[in-house]
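Working notes, structure below.
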Amino acid sequence: MSDAYSPVPELNRLKEFDERIGNHYYATGFELLDFDKLDAAGGYSDEQEFIDSFLCFAYANHSGSLYTLWRMDDREDLATLPVVVFGDEGGIGIVAKDLRDLFRQLGCDWPQWPSWDGAQFMKPDPDDEPSPRHEEYVAWLHDTFGLTPPDNPGDLLAHARREYGAQLENWVDRFYEED
């Protein structure tokens, strides 16, 4: 049995960074959680196939939305799976085409605000202070993966939505339980 945080090397490297900087935010609202299946399937479905298809790894914002990897197929490299957010007040949406794109989005330090219309990033007010360890994160992102943040995290979100949005929506519709 491995002591690694997850079966995803990229997430393990982020966890090492996270532990090194201590209890400080490096991206607005982002906080790593225990790597596991989506507990209670985010209120969407109790079907085991649905539950097993989402690997939860972080809070997406300060109000409890969750970032997950969507296990849409049986690929071995979990870091290449699309990243999906489950909104704390409902809604589910594609955020990034893979973990590295999410890491780049986090480098923008913009809040994630999922809704029933899907994921979205909100541009911070000019007076907002950056996350306390944001600059360290951006340096880590470059040093570790050779990546830089985009000018707007919504650009990567739009690309992921074009690639996977309809597929996720059709797949979720098979399981969604309306009251």
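Going through the structure tokens in order, the chains are called A, B, and so on, while each chain numbers its residues from 1 and the ligands are numbered from 1 in the order shown.
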Open item on the list: as a PyMOL selection string, please: every residue in chain A that DSSP puts in strand (DSSP E or B).
Closed with: chain A and resi 31-37+54-59+66-70+83-86+88+90+92-96+112+115+118+121
How would the residues just picked look written out with C-alpha atoms as a PDB file, in the first residue's frame?
```pdb
ATOM      1  CA  GLU A  31      -8.295  23.529  -0.715  1.00  0.00           C
ATOM      2  CA  LEU A  32      -7.163  19.931  -1.182  1.00  0.00           C
ATOM      3  CA  LEU A  33      -9.327  17.213   0.380  1.00  0.00           C
ATOM      4  CA  ASP A  34      -8.770  13.511   0.855  1.00  0.00           C
ATOM      5  CA  PHE A  35      -8.658  11.932  -2.593  1.00  0.00           C
ATOM      6  CA  ASP A  36     -11.730   9.716  -2.942  1.00  0.00           C
ATOM      7  CA  LYS A  37     -14.999   9.036  -4.707  1.00  0.00           C
ATOM      8  CA  PHE A  54     -16.091  11.090  -9.941  1.00  0.00           C
ATOM      9  CA  LEU A  55     -12.871  11.264  -7.944  1.00  0.00           C
ATOM     10  CA  CYS A  56     -13.073  14.167  -5.524  1.00  0.00           C
ATOM     11  CA  PHE A  57      -9.865  15.991  -4.586  1.00  0.00           C
ATOM     12  CA  ALA A  58     -10.516  19.615  -3.560  1.00  0.00           C
ATOM     13  CA  TYR A  59     -12.864  22.374  -2.529  1.00  0.00           C
ATOM     14  CA  LEU A  66     -16.071  20.382  -5.097  1.00  0.00           C
ATOM     15  CA  TYR A  67     -13.510  19.695  -7.803  1.00  0.00           C
ATOM     16  CA  THR A  68     -13.529  16.151  -9.143  1.00  0.00           C
ATOM     17  CA  LEU A  69     -11.934  14.163 -11.923  1.00  0.00           C
ATOM     18  CA  TRP A  70     -14.582  12.702 -14.221  1.00  0.00           C
ATOM     19  CA  VAL A  83     -12.076  18.270 -14.211  1.00  0.00           C
ATOM     20  CA  VAL A  84     -15.690  18.770 -13.130  1.00  0.00           C
ATOM     21  CA  VAL A  85     -17.076  21.011 -10.395  1.00  0.00           C
ATOM     22  CA  PHE A  86     -20.102  20.174  -8.272  1.00  0.00           C
ATOM     23  CA  ASP A  88     -22.508  23.578  -3.298  1.00  0.00           C
ATOM     24  CA  GLY A  90     -26.381  22.701  -7.240  1.00  0.00           C
ATOM     25  CA  ILE A  92     -22.336  20.509 -12.267  1.00  0.00           C
ATOM     26  CA  GLY A  93     -19.994  21.564 -15.007  1.00  0.00           C
ATOM     27  CA  ILE A  94     -16.758  20.993 -16.836  1.00  0.00           C
ATOM     28  CA  VAL A  95     -13.975  23.264 -15.572  1.00  0.00           C
ATOM     29  CA  ALA A  96     -10.828  22.074 -17.342  1.00  0.00           C
ATOM     30  CA  GLN A 112     -14.837  29.575  -8.931  1.00  0.00           C
ATOM     31  CA  SER A 115     -24.220  27.287 -10.809  1.00  0.00           C
ATOM     32  CA  GLY A 118     -22.161  25.395 -15.236  1.00  0.00           C
ATOM     33  CA  PHE A 121     -14.622  32.021 -12.825  1.00  0.00           C
TER      34      PHE A 121
END
```
List as a Markdown table every residue of segment 85-131 of chain A that is in contact with segment 142-150 of chain A, defined as an atom at most 7 Å from one of its atoms (using only C-alpha atoms), together with the nearest atom pair and the distance in Å rounded to one decimal, sorted by chain and then rising number.
```
| residue | atom | partner | partner_atom | distance |
| --- | --- | --- | --- | --- |
| A:Arg104 | CA | A:Pro149 | CA | 4.5 |
| A:Gln105 | CA | A:Pro149 | CA | 6.1 |
| A:Gly107 | CA | A:Pro149 | CA | 4.9 |
| A:Cys108 | CA | A:Pro149 | CA | 5.7 |
```
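Here atom CA of Met72 of chain A and atom CA of Asp3 of chain A stand 26.0 Å from one another.
Distances to Leu11 of chain A were evaluated for A:Arg100, A:His24, A:His134, A:Arg174 using only C-alpha atoms, and the minimum falls at A:Arg100.
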Open item on the list: When you count only C-alpha atoms, which of these residues is closest to Leu157 of chain A: A:Lys97, A:Arg133, A:Arg75, A:Lys123?
Closed with: A:Lys97
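Using only C-alpha atoms for every distance, the candidate list A:Asp101, A:Asp125, A:Glu169, A:Glu136 yields A:Asp101 as the residue closest to Pro153 of chain A.
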TODO: Check segment 72-146 of chain A with DSSP on the backbone and list each residue it calls alpha helix (DSSP H), as a ChimeraX atom specification.
DONE: /A:99-106,134-145
